[in-house]
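Asker: I'm passing along coords.csv; it holds CSV, C-alpha atoms.
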```
chain,number,residue,atom,x,y,z
A,129,MET,CA,-73.6,64.9,267.5
A,130,ARG,CA,-72.3,61.7,268.6
A,131,THR,CA,-72.0,61.2,272.4
A,132,GLU,CA,-70.5,58.0,273.8
A,133,GLN,CA,-72.8,55.8,275.9
A,134,PRO,CA,-71.8,54.2,279.1
A,135,ALA,CA,-70.5,50.6,278.9
A,136,LEU,CA,-73.1,48.0,278.3
A,137,ASN,CA,-70.9,45.0,278.9
A,138,PRO,CA,-72.2,42.0,280.7
A,139,ALA,CA,-71.5,43.4,284.2
A,140,GLY,CA,-73.3,46.7,283.3
A,141,ARG,CA,-72.1,50.2,284.2
A,142,ALA,CA,-74.0,53.3,285.4
A,143,SER,CA,-73.4,56.5,283.5
A,144,ARG,CA,-70.5,58.5,284.9
A,145,LEU,CA,-71.3,61.7,283.1
A,146,GLY,CA,-74.2,64.0,283.7
A,147,ARG,CA,-75.8,66.5,281.3
A,148,LEU,CA,-76.1,70.2,281.5
A,149,GLY,CA,-79.6,71.5,282.1
A,150,PRO,CA,-81.4,73.8,279.7
A,151,ILE,CA,-80.5,77.5,279.7
A,152,LEU,CA,-83.5,79.9,279.5
A,153,ILE,CA,-83.4,83.2,277.6
A,154,ALA,CA,-85.4,85.9,279.4
A,155,ALA,CA,-86.3,88.2,276.6
A,156,PRO,CA,-86.6,88.1,272.8
A,157,VAL,CA,-84.0,90.9,272.6
A,158,VAL,CA,-81.5,88.9,274.5
A,159,LEU,CA,-82.2,85.9,272.2
A,160,ALA,CA,-81.6,87.9,269.1
A,161,ILE,CA,-78.3,89.2,270.4
A,162,ALA,CA,-77.3,85.6,271.3
A,163,VAL,CA,-78.1,84.4,267.8
A,164,VAL,CA,-76.1,87.2,266.1
A,165,SER,CA,-73.2,86.6,268.5
A,166,PHE,CA,-73.2,82.8,267.6
A,167,ILE,CA,-73.2,83.5,263.9
A,168,VAL,CA,-70.3,85.9,264.2
A,169,ALA,CA,-68.4,83.5,266.4
A,170,ASP,CA,-68.9,80.6,264.0
A,171,THR,CA,-67.1,82.1,261.0
A,172,GLY,CA,-63.8,80.3,261.4
A,173,GLU,CA,-62.3,81.0,264.8
A,174,ALA,CA,-60.1,78.1,266.0
A,175,SER,CA,-57.9,77.1,268.8
A,176,ALA,CA,-54.1,77.1,268.6
A,177,PRO,CA,-52.6,74.1,266.8
A,178,GLU,CA,-51.3,71.2,268.8
A,179,ALA,CA,-47.6,71.1,269.4
A,180,ALA,CA,-47.7,67.7,267.8
A,181,ALA,CA,-48.7,69.0,264.4
A,182,THR,CA,-45.8,68.4,262.0
A,183,GLY,CA,-44.4,69.9,258.8
A,184,PRO,CA,-44.9,68.5,255.3
A,185,ALA,CA,-43.6,65.3,254.1
A,186,ALA,CA,-40.3,65.8,252.2
A,187,ALA,CA,-40.9,66.2,248.5
A,188,THR,CA,-39.1,64.2,245.9
A,189,SER,CA,-38.9,67.2,243.5
A,190,PRO,CA,-36.2,69.9,244.0
A,191,ALA,CA,-38.9,72.5,243.5
A,192,ALA,CA,-40.9,71.2,246.4
A,193,THR,CA,-41.5,73.5,249.4
A,194,PRO,CA,-39.0,72.7,252.2
A,195,ALA,CA,-40.3,70.9,255.3
A,196,VAL,CA,-41.8,73.1,258.0
A,197,SER,CA,-41.1,72.4,261.6
A,198,PRO,CA,-43.9,72.4,264.2
A,199,SER,CA,-45.1,75.8,265.2
A,200,ALA,CA,-46.2,77.1,268.6
A,201,LYS,CA,-47.8,80.1,267.0
A,202,ALA,CA,-51.2,80.8,268.6
A,203,SER,CA,-54.4,81.6,266.7
A,204,PRO,CA,-54.9,85.4,266.6
A,205,LYS,CA,-58.6,84.9,267.5
A,206,PRO,CA,-60.1,83.5,270.6
A,207,ALA,CA,-60.5,79.7,270.7
A,208,LYS,CA,-63.8,78.0,270.1
A,209,PRO,CA,-64.2,75.1,272.5
A,210,GLY,CA,-63.7,71.7,270.9
A,211,TRP,CA,-62.1,73.0,267.7
A,212,ILE,CA,-58.4,72.1,267.2
A,213,ALA,CA,-56.8,74.1,264.4
A,214,VAL,CA,-54.0,73.4,262.1
A,215,ASP,CA,-51.6,76.3,261.4
A,216,PRO,CA,-52.8,77.8,258.1
A,217,ASP,CA,-49.3,78.7,256.9
A,218,GLU,CA,-47.9,75.2,257.7
A,219,GLN,CA,-50.9,73.5,256.0
A,220,LYS,CA,-50.4,75.6,252.9
A,221,ALA,CA,-46.7,74.6,252.8
A,222,ARG,CA,-47.6,70.9,253.3
A,223,THR,CA,-50.1,71.1,250.4
A,224,ALA,CA,-47.6,72.8,248.1
A,225,ALA,CA,-44.9,70.2,249.0
A,226,PHE,CA,-47.2,67.3,248.4
A,227,PHE,CA,-48.3,68.3,244.9
A,228,ALA,CA,-44.7,69.2,244.0
A,229,ARG,CA,-43.8,65.5,244.5
A,230,LYS,CA,-43.2,63.6,241.3
A,231,PRO,CA,-45.3,60.4,241.4
A,232,ARG,CA,-43.5,57.1,241.0
A,233,THR,CA,-43.9,55.6,237.5
A,234,VAL,CA,-46.5,52.9,237.5
A,235,THR,CA,-45.1,49.5,236.7
A,236,GLY,CA,-46.8,46.2,235.9
A,237,LYS,CA,-50.5,46.1,235.5
A,238,PRO,CA,-52.1,47.2,238.8
A,239,VAL,CA,-55.8,47.2,239.2
A,240,LYS,CA,-57.2,50.6,238.2
A,241,VAL,CA,-58.7,51.4,241.6
A,242,PRO,CA,-57.3,54.3,243.8
A,243,GLU,CA,-56.4,52.3,247.0
A,244,PHE,CA,-53.8,51.2,249.5
A,245,HIS,CA,-54.3,49.4,252.8
A,246,ALA,CA,-53.0,48.3,256.2
A,247,THR,CA,-53.6,44.9,257.7
A,248,CYS,CA,-54.0,44.9,261.5
A,249,THR,CA,-54.7,42.7,264.5
A,250,VAL,CA,-56.4,43.6,267.8
A,251,SER,CA,-54.0,45.3,270.3
A,252,HIS,CA,-56.0,45.7,273.5
A,253,HIS,CA,-59.3,46.6,275.2
A,254,GLY,CA,-60.2,49.5,277.5
A,255,ASP,CA,-63.0,51.8,278.8
A,256,ASP,CA,-61.2,54.7,277.2
A,257,ASP,CA,-61.8,57.1,274.3
A,258,PRO,CA,-59.0,59.7,273.7
A,259,ILE,CA,-61.2,61.5,271.1
A,260,VAL,CA,-64.5,61.8,273.0
A,261,PHE,CA,-63.2,61.6,276.6
A,262,PRO,CA,-59.6,62.8,276.4
A,263,GLY,CA,-57.8,62.5,279.7
A,264,LEU,CA,-60.7,60.7,281.4
A,265,PRO,CA,-59.7,57.0,282.1
A,266,GLY,CA,-62.7,54.7,282.3
A,267,ALA,CA,-65.3,57.3,281.1
A,268,SER,CA,-66.3,55.4,278.0
A,269,HIS,CA,-67.9,52.1,277.2
A,270,ASN,CA,-65.4,49.3,276.4
A,271,HIS,CA,-63.5,49.6,273.1
A,272,THR,CA,-61.5,47.2,271.0
A,273,PHE,CA,-58.3,48.9,269.9
A,274,TRP,CA,-55.9,48.1,267.1
A,275,GLY,CA,-52.9,49.9,265.5
A,276,ASN,CA,-51.0,51.9,268.1
A,277,LYS,CA,-50.5,49.8,271.2
A,278,THR,CA,-50.3,52.8,273.5
A,279,THR,CA,-53.8,54.2,272.7
A,280,ASP,CA,-55.7,55.1,275.9
A,281,SER,CA,-57.5,58.1,277.4
A,282,HIS,CA,-54.3,60.1,277.5
A,283,THR,CA,-53.3,59.5,273.9
A,284,THR,CA,-52.2,62.6,271.9
A,285,ALA,CA,-50.8,63.2,268.5
A,286,ALA,CA,-47.3,63.4,270.1
A,287,SER,CA,-47.7,60.1,272.0
A,288,LEU,CA,-48.7,58.2,268.8
A,289,ARG,CA,-45.2,58.8,267.4
A,290,SER,CA,-43.5,56.6,270.0
A,291,GLY,CA,-46.0,53.8,270.1
A,292,ALA,CA,-45.5,50.4,268.3
A,293,THR,CA,-48.3,49.2,266.1
A,294,THR,CA,-50.2,46.0,265.3
A,295,CYS,CA,-50.6,47.1,261.7
A,296,ASN,CA,-48.6,46.3,258.6
A,297,PRO,CA,-46.9,48.6,257.4
A,298,LYS,CA,-45.2,49.6,260.6
A,299,GLN,CA,-45.2,53.3,259.4
A,300,ASP,CA,-48.9,53.3,260.3
A,301,ARG,CA,-48.9,54.1,264.0
A,302,SER,CA,-52.5,55.4,263.9
A,303,GLY,CA,-55.0,54.6,266.7
A,304,TYR,CA,-58.2,52.7,265.6
A,305,TRP,CA,-61.0,51.5,267.8
A,306,ILE,CA,-64.6,50.3,267.8
A,307,PRO,CA,-67.0,49.2,270.6
A,308,THR,CA,-66.2,45.7,271.9
A,309,LEU,CA,-68.5,42.9,270.6
A,310,TYR,CA,-69.9,40.2,272.9
A,311,GLN,CA,-71.7,37.0,272.3
A,312,ASN,CA,-73.7,35.8,275.3
A,313,GLY,CA,-71.5,37.9,277.5
A,314,ARG,CA,-68.2,36.7,276.1
A,315,VAL,CA,-65.8,39.0,274.2
A,316,ILE,CA,-65.4,38.1,270.5
A,317,ASP,CA,-62.4,39.8,268.8
A,318,PRO,CA,-62.1,40.3,265.1
A,319,ASP,CA,-59.9,37.6,263.5
A,320,GLU,CA,-58.8,40.0,260.7
A,321,ILE,CA,-59.0,43.8,260.2
A,322,THR,CA,-58.1,45.6,257.0
A,323,VAL,CA,-58.0,49.4,256.9
A,324,TYR,CA,-58.4,50.6,253.3
A,325,TYR,CA,-57.4,54.1,252.2
A,326,GLY,CA,-59.0,55.0,248.9
A,327,SER,CA,-60.9,57.6,246.9
A,328,ARG,CA,-64.6,57.7,246.0
A,329,LEU,CA,-64.3,61.1,244.3
A,330,LYS,CA,-64.7,61.8,240.6
A,331,ASP,CA,-61.1,63.0,240.3
A,332,PRO,CA,-58.8,61.1,242.8
A,333,ALA,CA,-55.8,63.0,241.5
A,334,LYS,CA,-56.7,65.9,243.8
A,335,THR,CA,-56.5,63.8,246.9
A,336,GLN,CA,-53.9,64.9,249.5
A,337,PRO,CA,-52.9,63.3,252.9
A,338,PHE,CA,-54.8,64.3,256.0
A,339,PRO,CA,-52.6,66.2,258.5
A,340,TYR,CA,-50.8,64.3,261.3
A,341,GLY,CA,-53.1,64.1,264.4
A,342,LEU,CA,-56.4,64.4,262.5
A,343,ARG,CA,-59.1,62.6,264.3
A,344,MET,CA,-62.7,61.7,263.4
A,345,VAL,CA,-65.6,59.5,264.4
A,346,GLU,CA,-68.1,57.7,262.2
A,347,GLY,CA,-71.4,56.2,263.3
A,348,ASP,CA,-73.6,56.8,266.3
A,349,ALA,CA,-73.2,55.1,269.7
A,350,LYS,CA,-76.8,56.1,270.6
A,351,LYS,CA,-78.4,54.5,267.5
A,352,ALA,CA,-80.9,51.8,268.4
A,353,SER,CA,-82.4,51.0,264.9
A,354,ASP,CA,-81.8,51.6,261.2
A,355,PRO,CA,-84.3,51.6,258.4
A,356,ASN,CA,-81.7,50.1,256.2
A,357,GLY,CA,-81.3,47.1,258.5
A,358,ASN,CA,-78.2,45.6,260.2
A,359,ARG,CA,-74.9,46.4,258.5
A,360,PHE,CA,-73.2,43.1,259.2
A,361,TRP,CA,-73.1,40.9,256.2
A,362,CYS,CA,-71.6,37.6,254.9
A,363,ALA,CA,-68.5,37.7,252.7
A,364,GLY,CA,-67.3,34.8,250.7
A,365,ILE,CA,-68.7,31.9,248.6
A,366,GLY,CA,-72.2,30.9,249.6
A,367,GLY,CA,-72.9,34.2,251.4
A,368,GLU,CA,-75.9,34.4,253.7
A,369,VAL,CA,-77.9,31.2,254.2
A,370,GLY,CA,-80.2,32.2,257.1
A,371,ARG,CA,-80.9,34.7,259.9
A,372,SER,CA,-80.3,34.7,263.6
A,373,SER,CA,-83.3,33.8,265.9
A,374,ASP,CA,-84.1,37.5,266.4
A,375,GLY,CA,-83.8,38.1,262.6
A,376,VAL,CA,-81.1,40.8,263.1
A,377,PHE,CA,-77.9,39.0,262.0
A,378,PRO,CA,-77.2,36.9,259.0
A,379,VAL,CA,-76.1,33.3,259.3
A,380,CYS,CA,-73.3,32.6,256.8
A,381,ALA,CA,-72.4,29.5,254.7
A,382,SER,CA,-69.4,27.5,255.9
A,383,THR,CA,-67.4,29.0,253.2
A,384,ALA,CA,-68.2,32.6,254.1
A,385,HIS,CA,-67.8,34.8,257.3
A,386,ILE,CA,-69.4,37.7,259.1
A,387,VAL,CA,-68.0,41.1,258.1
A,388,ARG,CA,-68.7,44.7,259.2
A,389,GLN,CA,-67.5,47.7,257.1
A,390,ILE,CA,-67.3,51.3,258.4
A,391,THR,CA,-66.4,54.1,256.0
A,392,PHE,CA,-65.4,57.6,257.0
A,393,PRO,CA,-66.0,60.9,255.1
A,394,ASP,CA,-63.4,61.9,252.5
A,395,CYS,CA,-63.6,65.7,252.5
A,396,TRP,CA,-62.0,67.9,255.1
A,397,ASP,CA,-62.5,71.6,256.0
A,398,GLY,CA,-58.7,72.2,255.7
A,399,LYS,CA,-58.6,74.0,259.0
A,400,HIS,CA,-59.2,71.7,261.9
A,401,LEU,CA,-57.8,68.5,263.4
A,402,ASP,CA,-61.0,68.0,265.4
A,403,SER,CA,-64.4,69.6,266.1
A,404,PRO,CA,-66.8,69.5,269.1
A,405,ASP,CA,-68.8,66.6,267.7
A,406,HIS,CA,-65.7,65.0,266.1
A,407,LYS,CA,-67.6,65.1,262.7
A,408,ALA,CA,-68.2,68.8,261.8
A,409,HIS,CA,-64.7,69.3,260.4
A,410,MET,CA,-65.4,66.4,257.9
A,411,SER,CA,-67.9,65.9,255.2
A,412,GLY,CA,-68.9,63.4,252.5
A,413,ALA,CA,-68.6,64.3,248.9
A,414,LEU,CA,-71.6,65.7,246.9
A,415,HIS,CA,-73.6,63.5,244.5
A,416,THR,CA,-71.4,65.0,241.7
A,417,GLY,CA,-68.3,63.3,243.1
A,418,VAL,CA,-66.6,66.5,244.4
A,419,CYS,CA,-66.1,67.9,247.8
A,420,PRO,CA,-68.5,70.7,249.1
A,421,ARG,CA,-67.2,74.3,249.4
A,422,SER,CA,-67.5,74.0,253.1
A,423,HIS,CA,-65.0,71.1,253.1
A,424,PRO,CA,-63.0,71.6,250.0
A,425,VAL,CA,-60.0,69.3,250.7
A,426,PRO,CA,-60.1,65.8,249.2
A,427,ILE,CA,-58.4,63.3,251.6
A,428,PRO,CA,-58.2,59.5,251.6
A,429,SER,CA,-61.4,57.7,252.3
A,430,VAL,CA,-60.7,55.5,255.4
A,431,SER,CA,-62.7,52.3,255.6
A,432,PHE,CA,-62.5,49.5,258.2
A,433,VAL,CA,-63.4,46.0,257.0
A,434,ILE,CA,-63.7,43.8,260.2
A,435,SER,CA,-64.0,40.0,260.0
A,436,TYR,CA,-65.6,37.9,262.8
A,437,LYS,CA,-65.1,34.4,261.5
A,438,PRO,CA,-66.0,32.6,264.8
A,439,LEU,CA,-69.5,34.1,264.6
A,440,SER,CA,-70.3,33.2,261.0
A,441,ALA,CA,-72.6,30.3,261.5
A,442,LYS,CA,-73.7,31.2,265.1
A,443,THR,CA,-75.0,34.7,265.3
A,444,ASP,CA,-77.4,34.6,268.2
A,445,GLY,CA,-76.8,36.6,271.4
A,446,ILE,CA,-74.6,39.3,269.8
A,447,THR,CA,-74.4,42.7,271.5
A,448,LEU,CA,-71.9,45.6,271.5
A,449,SER,CA,-70.5,47.5,274.5
A,450,SER,CA,-72.4,50.5,273.2
A,451,GLY,CA,-75.7,48.8,272.8
A,452,ASN,CA,-77.3,46.7,270.1
A,453,SER,CA,-75.6,46.2,266.7
A,454,PHE,CA,-77.0,49.4,265.3
A,455,SER,CA,-74.8,51.4,267.7
A,456,MET,CA,-71.7,50.3,265.9
A,457,HIS,CA,-69.3,53.2,265.3
A,458,ALA,CA,-65.6,53.8,264.8
A,459,ASP,CA,-62.8,56.2,265.7
A,460,PHE,CA,-59.6,57.1,263.8
A,461,PHE,CA,-56.6,59.1,265.2
A,462,ASN,CA,-54.1,59.6,262.4
A,463,GLY,CA,-50.5,58.6,263.4
A,464,TRP,CA,-49.1,57.7,260.0
A,465,ASP,CA,-45.5,58.6,259.3
A,466,GLU,CA,-45.9,61.7,257.1
A,467,GLU,CA,-43.5,60.6,254.4
A,468,ALA,CA,-45.0,57.1,254.1
A,469,LEU,CA,-48.5,58.4,253.9
A,470,ALA,CA,-47.6,61.1,251.4
A,471,ALA,CA,-45.9,58.6,249.1
A,472,ARG,CA,-48.9,56.2,249.1
A,473,VAL,CA,-51.4,59.0,248.4
A,474,ARG,CA,-49.3,60.5,245.6
A,475,ASN,CA,-48.3,57.2,244.0
A,476,CYS,CA,-51.5,55.2,244.5
A,477,LEU,CA,-54.5,57.4,245.0
A,478,ASP,CA,-53.5,60.3,242.8
A,479,GLN,CA,-52.6,57.9,239.9
A,480,GLY,CA,-55.8,55.9,240.4
A,481,VAL,CA,-54.1,52.5,241.0
A,482,LYS,CA,-54.3,49.8,243.7
A,483,CYS,CA,-51.2,49.4,245.8
A,484,ASN,CA,-50.3,46.8,248.4
A,485,ALA,CA,-49.6,47.3,252.1
A,486,ALA,CA,-46.0,48.2,251.3
A,487,GLY,CA,-47.2,51.0,249.0
A,488,GLY,CA,-46.0,49.2,245.9
A,489,PHE,CA,-47.8,48.4,242.6
```
Starting from the coordinates I provided, produce the structure as structure tokens.
Answerer:
Amino acid sequence: MRTEQPALNPAGRASRLGRLGPILIAAPVVLAIAVVSFIVADTGEASAPEAAATGPAAATSPAATPAVSPSAKASPKPAKPGWIAVDPDEQKARTAAFFARKPRTVTGKPVKVPEFHATCTVSHHGDDDPIVFPGLPGASHNHTFWGNKTTDSHTTAASLRSGATTCNPKQDRSGYWIPTLYQNGRVIDPDEITVYYGSRLKDPAKTQPFPYGLRMVEGDAKKASDPNGNRFWCAGIGGEVGRSSDGVFPVCASTAHIVRQITFPDCWDGKHLDSPDHKAHMSGALHTGVCPRSHPVPIPSVSFVISYKPLSAKTDGITLSSGNSFSMHADFFNGWDEEALAARVRNCLDQGVKCNAAGGF
């Protein structure tokens, strides 16, 4: 489970959150009862859906299921803390409406890769994280935000609808953020950010949009090392020509630049907008290229490609607000206009072709 670490910016910051102490079980009988209770409770109970959950994107086919308005219907079962449920009837209607859409006829000769993207610029910085620390201003280490300009500790699915965005297309009002990067104590912002939406599955035609308000986290803010090494790399002609003085970062040729890519899971449980660790409702595909039965819904694979050109030839003294470079992680809070997202998934991903930021071929 990923837990945010306190800010490690140049000024430093003491942790503001404590931890619960261990709970002791007095007798084996009590322990057995607790285990059985946990297993029974973990069979799919979920909290009531957020009021911000919305109906399906309008279908282009007359046979499509009509749009469903937001529902205030509560879950018939007790809520499990940290789980945010979608309404199952609304989700079923959204799925039916989506697959009833007639894909746009492919024109020209697009690249045969299931993909579309948004290009973005940095919006702002803040010690907030509306996924990990909702409603708690200043509780997080510092983050660099892009996309929705209103993203802060109080962000909700509803508030994303009214926020402007730093991304193209403007129908993408999602919130995106990563730990802030420093070099020798000075903030270094990405010069370019591209958010790719694609499919790594064997059959991309089964991909459907994630629901409005879905949120997820990728990476680990507590990670201090990686057997696979640092994930920053040099993109462009010439590539890597050396290493930083500590051997951690690459030094790039003058014709290349430092890049970091972060890719999220592409299979969803079909039931929850979020989970206690912000990861359990998501899963990666199996080695066979299909989603596991526990997370059967194929959704777009979100991938951040983040460029730091000012650092390319000078990579000494780099740290993150969450720690060293291995603590890099990313957050995604879906705020896409439902119709715009549905059109791109149906026309581009489901047909296995590469589209531009406008969703065209």
Asker: For CA of Asn358 in chain A and CA of Ile321 in chain A, determine how far apart the two atoms are, in Å to one decimal place.
Answerer: 19.3 Å
Asker: Give me, please, the distance in Å between CA of Gly341 in chain A and CA of Val241 in chain A, quoted to one decimal.
Answerer: 26.7 Å
Asker: If we count all atoms listed in the file, what is near range 389-392 of chain A at a cut-off of 12 Å, once residues fewer than 4 positions away on the same chain are taken out, given as JSON, numbers by chain?
Answerer: {"A": [304, 305, 306, 321, 322, 323, 324, 325, 326, 327, 328, 343, 344, 345, 346, 347, 348, 358, 359, 360, 361, 362, 363, 396, 406, 407, 410, 411, 412, 413, 427, 428, 429, 430, 431, 432, 433, 434, 435, 436, 455, 456, 457, 458, 459, 460]}
Asker: Have a look at CA of Ala333 in chain A and CA of Gly275 in chain A and let me know their distance in Å, one decimal.
Answerer: 27.5 Å
Asker: Which residue gives the smallest distance to Ala471 in chain A among A:Pro307, A:Pro297, A:Gly263, A:Pro231, with only C-alpha atoms counted?
Answerer: A:Pro231
Asker: Using all atoms listed in the file and a cutoff of 9 Å, can you tell me which residues are near (-54.8, 59.9, 249.8) in the file's coordinates, and write them out as a PyMOL selection string?
Answerer: chain A and resi 242-244+325-327+332-338+426-429+469-470+472-474+476-478
Asker: Find, counting all atoms listed in the file, the residue in A:Lys350, A:His415, A:His245, A:Lys442 that gets nearest to Leu329 in chain A.
Answerer: A:His415
Asker: In terms of the shortest atom-to-atom distance over all atoms listed in the file, which of A:Glu467, A:Ser449, A:His282, A:Tyr310 is closest to Arg229 in chain A?
Answerer: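 Once distances to Arg229 in chain A are computed over all atoms listed in the file, the minimum belongs to A:Glu467.
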Asker: Using all atoms listed in the file for the distances, tell me which of A:Asp374, A:Asp217, A:Asp397, A:Asp465 is nearest to Pro424 in chain A.
Answerer: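 Smallest separation from Pro424 in chain A among the options: A:Asp397.
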Asker: Taking all atoms listed in the file into account, which of A:Ser440, A:Pro262, A:Asn475, A:Phe226 comes nearest Phe489 in chain A?
Answerer: A:Asn475
Asker: Using all atoms listed in the file - which residues lie no farther than 12 Å from the point (-66.3, 33.6, 265.2) in the file's frame? Write them as a PyMOL selection string.
Answerer: chain A and resi 309-311+314-320+379-380+382+384-387+434-444+446
Asker: Take the residues just selected and output them with C-alpha atoms as an mmCIF file, keeping the file's coordinate frame.
Answerer:
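Below you can see out-v1.cif, which holds the result:
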```cif
data_model
loop_
_atom_site.group_PDB
_atom_site.id
_atom_site.type_symbol
_atom_site.label_atom_id
_atom_site.label_comp_id
_atom_site.auth_asym_id
_atom_site.auth_seq_id
_atom_site.Cartn_x
_atom_site.Cartn_y
_atom_site.Cartn_z
ATOM 1 C CA LEU A 309 -68.500 42.900 270.600
ATOM 2 C CA TYR A 310 -69.900 40.200 272.900
ATOM 3 C CA GLN A 311 -71.700 37.000 272.300
ATOM 4 C CA ARG A 314 -68.200 36.700 276.100
ATOM 5 C CA VAL A 315 -65.800 39.000 274.200
ATOM 6 C CA ILE A 316 -65.400 38.100 270.500
ATOM 7 C CA ASP A 317 -62.400 39.800 268.800
ATOM 8 C CA PRO A 318 -62.100 40.300 265.100
ATOM 9 C CA ASP A 319 -59.900 37.600 263.500
ATOM 10 C CA GLU A 320 -58.800 40.000 260.700
ATOM 11 C CA VAL A 379 -76.100 33.300 259.300
ATOM 12 C CA CYS A 380 -73.300 32.600 256.800
ATOM 13 C CA SER A 382 -69.400 27.500 255.900
ATOM 14 C CA ALA A 384 -68.200 32.600 254.100
ATOM 15 C CA HIS A 385 -67.800 34.800 257.300
ATOM 16 C CA ILE A 386 -69.400 37.700 259.100
ATOM 17 C CA VAL A 387 -68.000 41.100 258.100
ATOM 18 C CA ILE A 434 -63.700 43.800 260.200
ATOM 19 C CA SER A 435 -64.000 40.000 260.000
ATOM 20 C CA TYR A 436 -65.600 37.900 262.800
ATOM 21 C CA LYS A 437 -65.100 34.400 261.500
ATOM 22 C CA PRO A 438 -66.000 32.600 264.800
ATOM 23 C CA LEU A 439 -69.500 34.100 264.600
ATOM 24 C CA SER A 440 -70.300 33.200 261.000
ATOM 25 C CA ALA A 441 -72.600 30.300 261.500
ATOM 26 C CA LYS A 442 -73.700 31.200 265.100
ATOM 27 C CA THR A 443 -75.000 34.700 265.300
ATOM 28 C CA ASP A 444 -77.400 34.600 268.200
ATOM 29 C CA ILE A 446 -74.600 39.300 269.800
#
```
Asker: Have a look at A:Gly398, A:Gly451, A:Gly480, A:Pro393 and name the one nearest to Ile212 in chain A; count only C-alpha atoms.
Answerer: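 For Ile212 in chain A, the nearest of the given residues is A:Gly398.
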